[in-house]
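Trainee: Following this line is my_file_2.txt, made up of compact mmCIF, C-alpha atoms and all ligand atoms:
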```txt
# COMPACT_ATOMS: atom_id res chain seq x y z
CA MET I 19 23.81 8.84 -40.06
CA ILE I 20 21.91 6.76 -37.50
CA ALA I 21 25.08 5.01 -36.38
CA GLU I 22 26.83 8.37 -35.84
CA ARG I 23 23.92 9.83 -33.89
CA LEU I 24 23.68 6.69 -31.80
CA ALA I 25 27.38 6.85 -30.97
CA GLN I 26 27.00 10.51 -30.01
CA VAL I 27 24.04 9.76 -27.72
CA LYS I 28 25.96 6.96 -26.03
CA MET I 29 28.92 9.24 -25.48
CA ASN I 30 26.68 11.96 -24.04
CA ILE I 31 25.22 9.41 -21.64
CA GLU I 32 28.72 8.45 -20.45
CA HIS I 33 29.56 12.11 -19.90
CA SER I 34 26.36 12.60 -17.90
CA ILE I 35 27.21 9.60 -15.73
CA ALA I 36 30.62 11.14 -15.09
CA ARG I 37 29.01 14.44 -14.03
CA ARG I 38 26.76 12.85 -11.40
CA LYS I 39 27.06 14.20 -7.89
CA HIS I 40 25.99 10.95 -6.18
CA SER I 41 28.19 7.92 -6.63
CA ASP I 42 25.48 5.53 -5.38
CA MET I 43 23.40 5.97 -8.52
CA PRO I 44 23.14 2.92 -10.80
CA ALA I 45 26.24 2.96 -13.02
CA GLN I 46 24.74 1.28 -16.07
CA VAL I 47 22.32 3.26 -18.22
CA GLU I 48 20.23 1.37 -20.75
CA LEU I 49 19.23 3.03 -23.98
CA VAL I 50 15.78 2.37 -25.45
CA ALA I 51 15.63 3.49 -29.08
CA VAL I 52 12.16 4.93 -29.65
CA THR I 53 11.07 3.97 -33.15
CA LYS I 54 7.43 5.08 -33.37
CA ASN I 55 6.69 6.42 -36.85
CA HIS I 56 10.08 5.29 -38.11
CA ASP I 57 10.27 2.57 -40.72
CA ILE I 58 11.83 -0.87 -40.71
CA HIS I 59 14.88 0.28 -42.65
CA ALA I 60 15.78 2.91 -40.09
CA MET I 61 15.18 0.40 -37.30
CA GLN I 62 17.34 -2.24 -38.96
CA GLU I 63 20.09 0.34 -39.36
CA ALA I 64 19.91 1.13 -35.66
CA ILE I 65 19.92 -2.55 -34.72
CA ASP I 66 22.94 -3.14 -36.96
CA ALA I 67 24.63 -0.23 -35.17
CA GLY I 68 24.11 -1.95 -31.83
CA VAL I 69 20.64 -0.97 -30.53
CA LEU I 70 19.38 -3.70 -28.20
CA ARG I 71 16.05 -2.25 -27.04
CA ILE I 72 13.20 -0.89 -29.11
CA GLY I 73 10.52 1.37 -27.64
CA GLU I 74 7.13 1.70 -29.31
CA ASN I 75 3.99 3.36 -28.08
CA ARG I 76 1.36 1.66 -30.18
CA ILE I 77 0.66 -2.05 -30.03
CA GLN I 78 -0.34 -2.57 -33.64
CA GLU I 79 2.67 -0.75 -35.02
CA ALA I 80 4.95 -2.72 -32.72
CA GLU I 81 3.38 -6.06 -33.68
CA LYS I 82 3.86 -5.40 -37.38
CA LYS I 83 7.46 -4.38 -36.89
CA ALA I 84 8.25 -7.26 -34.54
CA ALA I 85 6.91 -9.72 -37.11
CA ILE I 86 9.61 -8.47 -39.49
CA LEU I 87 12.50 -7.66 -37.15
CA GLY I 88 12.03 -10.57 -34.76
CA ARG I 89 12.83 -11.00 -31.11
CA ASN I 90 16.58 -10.65 -31.01
CA VAL I 91 15.97 -7.16 -29.74
CA SER I 92 14.02 -6.43 -26.60
CA TRP I 93 10.61 -4.77 -27.12
CA HIS I 94 9.47 -2.08 -24.70
CA LEU I 95 6.01 -0.56 -24.51
CA ILE I 96 6.35 3.10 -23.58
CA GLY I 97 2.89 4.39 -24.52
CA HIS I 98 -0.44 4.24 -22.71
CA LEU I 99 -1.95 0.75 -22.52
CA GLN I 100 -5.70 0.13 -22.61
CA THR I 101 -7.01 -2.94 -20.82
CA ASN I 102 -8.47 -4.34 -24.04
CA LYS I 103 -4.98 -4.44 -25.59
CA VAL I 104 -3.24 -6.20 -22.72
CA LYS I 105 -3.32 -9.56 -24.41
CA GLN I 106 -1.29 -8.31 -27.38
CA ALA I 107 1.03 -6.34 -25.13
CA VAL I 108 1.89 -9.28 -22.86
CA GLY I 109 2.50 -11.42 -25.92
CA LEU I 110 5.10 -9.02 -27.25
CA PHE I 111 6.78 -6.76 -24.73
CA ASP I 112 9.63 -7.60 -22.40
CA LEU I 113 8.99 -4.48 -20.35
CA ILE I 114 5.80 -2.42 -20.08
CA HIS I 115 6.78 1.08 -18.88
CA SER I 116 3.29 2.50 -18.63
CA VAL I 117 1.35 0.76 -15.85
CA ASP I 118 -0.79 3.42 -14.22
CA SER I 119 -3.85 1.82 -12.60
CA GLU I 120 -4.90 -1.11 -10.45
CA LYS I 121 -7.28 -2.23 -13.12
CA LEU I 122 -4.51 -2.40 -15.71
CA LEU I 123 -2.15 -4.13 -13.31
CA LEU I 124 -4.71 -6.81 -12.48
CA GLU I 125 -5.47 -7.39 -16.14
CA ILE I 126 -1.77 -7.73 -17.00
CA ASN I 127 -1.42 -10.29 -14.19
CA ARG I 128 -4.46 -12.23 -15.40
CA ILE I 129 -3.27 -12.38 -19.01
CA ALA I 130 0.34 -13.13 -18.06
CA GLN I 131 -0.89 -16.07 -16.00
CA ALA I 132 -2.72 -17.40 -19.05
CA PHE I 133 0.52 -17.03 -21.06
CA ASN I 134 2.45 -18.69 -18.25
CA LYS I 135 4.70 -15.63 -18.16
CA VAL I 136 5.91 -13.18 -15.56
CA GLN I 137 5.51 -9.73 -17.08
CA ASN I 138 8.13 -7.11 -16.22
CA ILE I 139 6.54 -3.74 -15.58
CA LEU I 140 7.28 -0.20 -14.52
CA ILE I 141 4.81 2.09 -12.80
CA GLN I 142 4.34 5.34 -14.69
CA VAL I 143 4.27 8.34 -12.39
CA ASN I 144 2.86 11.73 -13.33
CA ILE I 145 5.42 13.42 -11.17
CA ALA I 146 4.71 16.98 -12.33
CA ARG I 147 0.92 16.43 -12.05
CA GLU I 148 0.19 17.53 -15.57
CA ASP I 149 -3.48 17.31 -16.52
CA ARG I 150 -2.95 15.79 -19.90
CA LYS I 151 -0.43 13.13 -18.93
CA PHE I 152 -0.99 9.52 -17.94
CA GLY I 153 0.57 8.11 -14.80
CA VAL I 154 -0.33 7.83 -11.14
CA PRO I 155 0.24 10.71 -8.76
CA GLN I 156 3.39 10.26 -6.72
CA GLU I 157 1.48 9.45 -3.50
CA ASP I 158 -0.28 6.48 -5.16
CA ALA I 159 2.90 4.79 -6.40
CA ALA I 160 3.58 2.80 -3.20
CA LYS I 161 0.08 1.38 -3.13
CA LEU I 162 0.34 0.20 -6.72
CA ALA I 163 3.82 -1.20 -6.01
CA LYS I 164 2.49 -3.25 -3.10
CA LEU I 165 -0.30 -4.63 -5.26
CA ALA I 166 2.27 -5.58 -7.90
CA GLY I 167 4.26 -7.41 -5.21
CA ALA I 168 1.16 -9.39 -4.25
CA LEU I 169 0.59 -10.64 -7.81
CA ASP I 170 2.42 -13.72 -9.07
CA HIS I 171 2.59 -12.93 -12.76
CA VAL I 172 3.92 -9.40 -12.73
CA LEU I 173 7.34 -8.31 -11.57
CA LEU I 174 7.72 -4.67 -10.69
CA ARG I 175 11.11 -3.49 -11.95
CA GLY I 176 10.85 0.22 -11.22
CA LEU I 177 9.36 3.54 -12.25
CA MET I 178 8.90 5.58 -15.41
CA THR I 179 7.99 9.19 -16.00
CA ILE I 180 7.49 11.53 -18.92
CA ALA I 181 8.76 14.88 -17.74
CA PRO I 182 7.18 18.16 -18.80
CA HIS I 183 8.71 19.52 -21.98
CA TYR I 184 10.81 22.65 -21.58
CA GLU I 185 13.02 24.23 -24.20
CA ASP I 186 15.67 24.48 -21.53
CA ALA I 187 16.22 20.96 -20.16
CA GLU I 188 17.72 22.44 -17.01
CA MET I 189 14.16 23.38 -15.99
CA THR I 190 13.34 19.68 -15.79
CA ARG I 191 16.03 18.94 -13.21
CA PRO I 192 13.81 19.38 -10.10
CA VAL I 193 11.28 16.96 -11.57
CA PHE I 194 13.95 14.31 -12.16
CA ARG I 195 15.21 14.84 -8.62
CA GLU I 196 11.75 14.27 -7.19
CA MET I 197 11.45 11.15 -9.26
CA TYR I 198 14.79 9.80 -8.04
CA ALA I 199 13.73 10.48 -4.44
CA LEU I 200 10.51 8.53 -4.98
CA PHE I 201 12.51 5.72 -6.59
CA THR I 202 14.84 5.35 -3.60
CA GLU I 203 11.92 5.66 -1.18
CA LEU I 204 10.19 2.71 -2.86
CA GLN I 205 13.43 0.72 -2.91
CA ASN I 206 13.86 1.30 0.81
CA MET I 207 10.37 -0.02 1.49
CA LYS I 208 11.65 -3.45 0.39
CA ILE I 209 8.27 -4.57 -0.85
CA PRO I 210 8.28 -8.38 -1.09
CA ASN I 211 8.32 -9.85 -4.60
CA THR I 212 9.38 -6.64 -6.30
CA ASP I 213 12.74 -5.83 -7.89
CA ILE I 214 12.88 -2.06 -8.07
CA GLN I 215 16.06 -1.31 -10.04
CA CYS I 216 14.95 0.68 -13.06
CA LEU I 217 14.27 4.38 -13.38
CA SER I 218 13.07 5.19 -16.89
CA MET I 219 13.27 8.92 -17.54
CA GLY I 220 14.82 11.24 -20.10
CA MET I 221 14.03 11.75 -23.79
CA SER I 222 15.99 13.39 -26.62
CA ASN I 223 15.77 16.90 -25.25
CA ASP I 224 16.50 16.15 -21.60
CA TYR I 225 18.22 12.77 -21.20
CA GLU I 226 21.53 14.25 -20.16
CA VAL I 227 19.94 16.00 -17.18
CA ALA I 228 17.88 12.86 -16.42
CA VAL I 229 21.00 10.68 -16.30
CA GLU I 230 22.79 13.20 -14.10
CA GLU I 231 19.84 12.91 -11.71
CA GLY I 232 19.84 9.12 -11.63
CA ALA I 233 17.96 7.75 -14.64
CA ASN I 234 19.17 4.33 -15.71
CA ILE I 235 16.85 3.85 -18.67
CA VAL I 236 16.54 6.63 -21.24
CA ARG I 237 14.07 6.61 -24.14
CA ILE I 238 15.42 8.33 -27.20
CA GLY I 239 13.82 8.75 -30.61
CA THR I 240 14.64 12.03 -32.34
CA GLY I 241 18.21 12.05 -31.06
CA ILE I 242 18.90 8.84 -32.97
CA PHE I 243 16.52 8.90 -35.93
CA GLY I 244 15.91 12.62 -36.53
CA GLN I 245 12.50 14.27 -36.63
CA ARG I 246 9.47 12.02 -36.97
CA GLN I 247 7.22 12.46 -40.04
CA TYR I 248 3.54 12.22 -39.15
C1 LIG I 301 8.15 9.50 -28.28
C2 LIG I 301 8.54 9.14 -26.91
C3 LIG I 301 9.89 9.20 -26.50
C4 LIG I 301 11.02 9.68 -27.38
O1 LIG I 301 10.88 11.02 -27.71
P1 LIG I 301 12.07 11.84 -28.45
O2 LIG I 301 11.82 13.23 -28.04
O3 LIG I 301 11.86 11.60 -29.90
O4 LIG I 301 13.32 11.28 -27.96
C5 LIG I 301 10.18 8.79 -25.21
N1 LIG I 301 9.24 8.37 -24.36
C6 LIG I 301 7.94 8.31 -24.71
C7 LIG I 301 6.93 7.82 -23.73
C8 LIG I 301 7.54 8.70 -26.00
O5 LIG I 301 6.26 8.63 -26.33
```
As structure tokens, how would this structure be written, given the file I've shared?
Ligand SMILES: *Cc1c(COP(=O)(O)O)cnc(C)c1O
Mentor:
Amino acid sequence: MIAERLAQVKMNIEHSIARRKHSDMPAQVELVAVTKNHDIHAMQEAIDAGVLRIGENRIQEAEKKAAILGRNVSWHLIGHLQTNKVKQAVGLFDLIHSVDSEKLLLEINRIAQAFNKVQNILIQVNIAREDRKFGVPQEDAAKLAKLAGALDHVLLRGLMTIAPHYEDAEMTRPVFREMYALFTELQNMKIPNTDIQCLSMGMSNDYEVAVEEGANIVRIGTGIFGQRQY
């Protein structure tokens, strides 16, 4: 079941790439399988079917699972990160998608230095300015990006957003467009010591539109594993 769904998602991604209007968009799209609230068996099934990247949004859950599944897959933190959990996060995750404050950025740098590591990060942008969502407002992204460039133990790889949820994914298109525009704007700034290549946007209900609009990392849970049981 998981293998079939995964194959379908991958095919949908390829079709979305083919439908893009701009040929300068990044041609490779990476799939992060979001496994929060799914058990080890389901995760192992997905890994056996070819999943290379696991996305979790809670540190403790991810640590427990990583202790069993190991590090042959890449671990991505997609949920909000509190400064008091940075130590665990830097120890585990290859990419932290959810950096949304100076304070958090500085703490990640400090801990990564202690680990003798360069931590890959994305800046989370609250592009639709929703009250209840984490992420910096669009106009603060460049400032945070410059700070990241000035720090030796973080490497800024790009941007992430969680789009508003609409039943009709087409409604999300303008938001993804705005995000892609911000992404290219930051790239064009050529901020020293950054490597802005990744645009993480699109979830099960809207990834096809996100990819059409330039996403090159999509984060998909339900589309691969079915509904989560809470
Ligand atoms: C849960 C989650 C996802 C995946 O959501 P689905 O709708 O199950 O695909 C993606 N990104 C973030 C940040 C999430 O918390």
Trainee: Can you pull out the residues contacting range 216-220 of chain I? Cut-off 7 Å, using all atoms listed in the file, and skip same-chain residues under 3 positions away; I want them as a list in words.
Mentor: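 With the cut-off at 7 Å, the set is Arg175, Gly176, Leu177, Met178, Thr179, Ile180, Asp224, Tyr225, Ala228, Ala233, Asn234, Ile235, Val236 and Arg237 of chain I.
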Trainee: Go through I:His33, I:Lys161, I:His56, I:Arg195 and flag the residue nearest ligand LIG 301 (chain I), using all atoms listed in the file for the distances.
Mentor: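 The closest residue to ligand LIG 301 (chain I) is I:His56.
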Trainee: Residues at most 8 Å from ligand LIG 301 (chain I), using all atoms listed in the file? Could they come as a list in words?
Mentor: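 Using all atoms listed in the file, everything at most 8 Å from ligand LIG 301 (chain I) comes to Ala51, Val52, Thr53, Lys54, Gly73, Glu74, Asn75, Ile96, Gly97, Thr179, Ile180, Met219, Gly220, Met221, Ser222, Asn223, Val236, Arg237, Ile238, Gly239, Thr240, Gly241, Ile242, Gly244, Gln245 and Arg246 of chain I.
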Trainee: With C-alpha atoms retained, write the just-selected residues as a compact mmCIF listing (two decimals), in the coordinates of the input.
Mentor:
```
# COMPACT_ATOMS: atom_id res chain seq x y z
CA ALA I 51 15.63 3.49 -29.08
CA VAL I 52 12.16 4.93 -29.65
CA THR I 53 11.07 3.97 -33.15
CA LYS I 54 7.43 5.08 -33.37
CA GLY I 73 10.52 1.37 -27.64
CA GLU I 74 7.13 1.70 -29.31
CA ASN I 75 3.99 3.36 -28.08
CA ILE I 96 6.35 3.10 -23.58
CA GLY I 97 2.89 4.39 -24.52
CA THR I 179 7.99 9.19 -16.00
CA ILE I 180 7.49 11.53 -18.92
CA MET I 219 13.27 8.92 -17.54
CA GLY I 220 14.82 11.24 -20.10
CA MET I 221 14.03 11.75 -23.79
CA SER I 222 15.99 13.39 -26.62
CA ASN I 223 15.77 16.90 -25.25
CA VAL I 236 16.54 6.63 -21.24
CA ARG I 237 14.07 6.61 -24.14
CA ILE I 238 15.42 8.33 -27.20
CA GLY I 239 13.82 8.75 -30.61
CA THR I 240 14.64 12.03 -32.34
CA GLY I 241 18.21 12.05 -31.06
CA ILE I 242 18.90 8.84 -32.97
CA GLY I 244 15.91 12.62 -36.53
CA GLN I 245 12.50 14.27 -36.63
CA ARG I 246 9.47 12.02 -36.97
```
Trainee: Let me make sure I understand: among I:Lys208, I:His115, I:Arg191, I:Lys83, which one has the smallest atom-to-atom distance to Ala146 in chain I if we use all atoms listed in the file?
Mentor: I:Arg191
Trainee: May I have the residues within 10 Å of Leu122 in chain I as a list in words, using only C-alpha atoms and disregarding those fewer than 2 positions away in the same chain?
Mentor: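 Once the nearby chain positions are removed, what remains is Leu99, Gln100, Thr101, Asn102, Val104, Ser116, Val117, Asp118, Ser119, Glu120, Leu124, Glu125, Ile126, Asn127 and Arg128 of chain I.
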Trainee: Is there a way to get, as a PyMOL selection string, all residues within 10 Å of the point (3.0, -8.8, -7.4) in file coordinates, counting only C-alpha atoms?
Mentor: chain I and resi 123-124+127+136+162-174+209-212
Trainee: Measuring between all atoms listed in the file, which one of I:Met189, I:Leu200, I:Leu24, I:Ala84 shows the shortest distance to Gly68 in chain I?
Mentor: I:Leu24
Trainee: What is the CA of Val50 in chain I-CA of Ser92 in chain I distance in Å, reported with one decimal?
Mentor: 9.0 Å
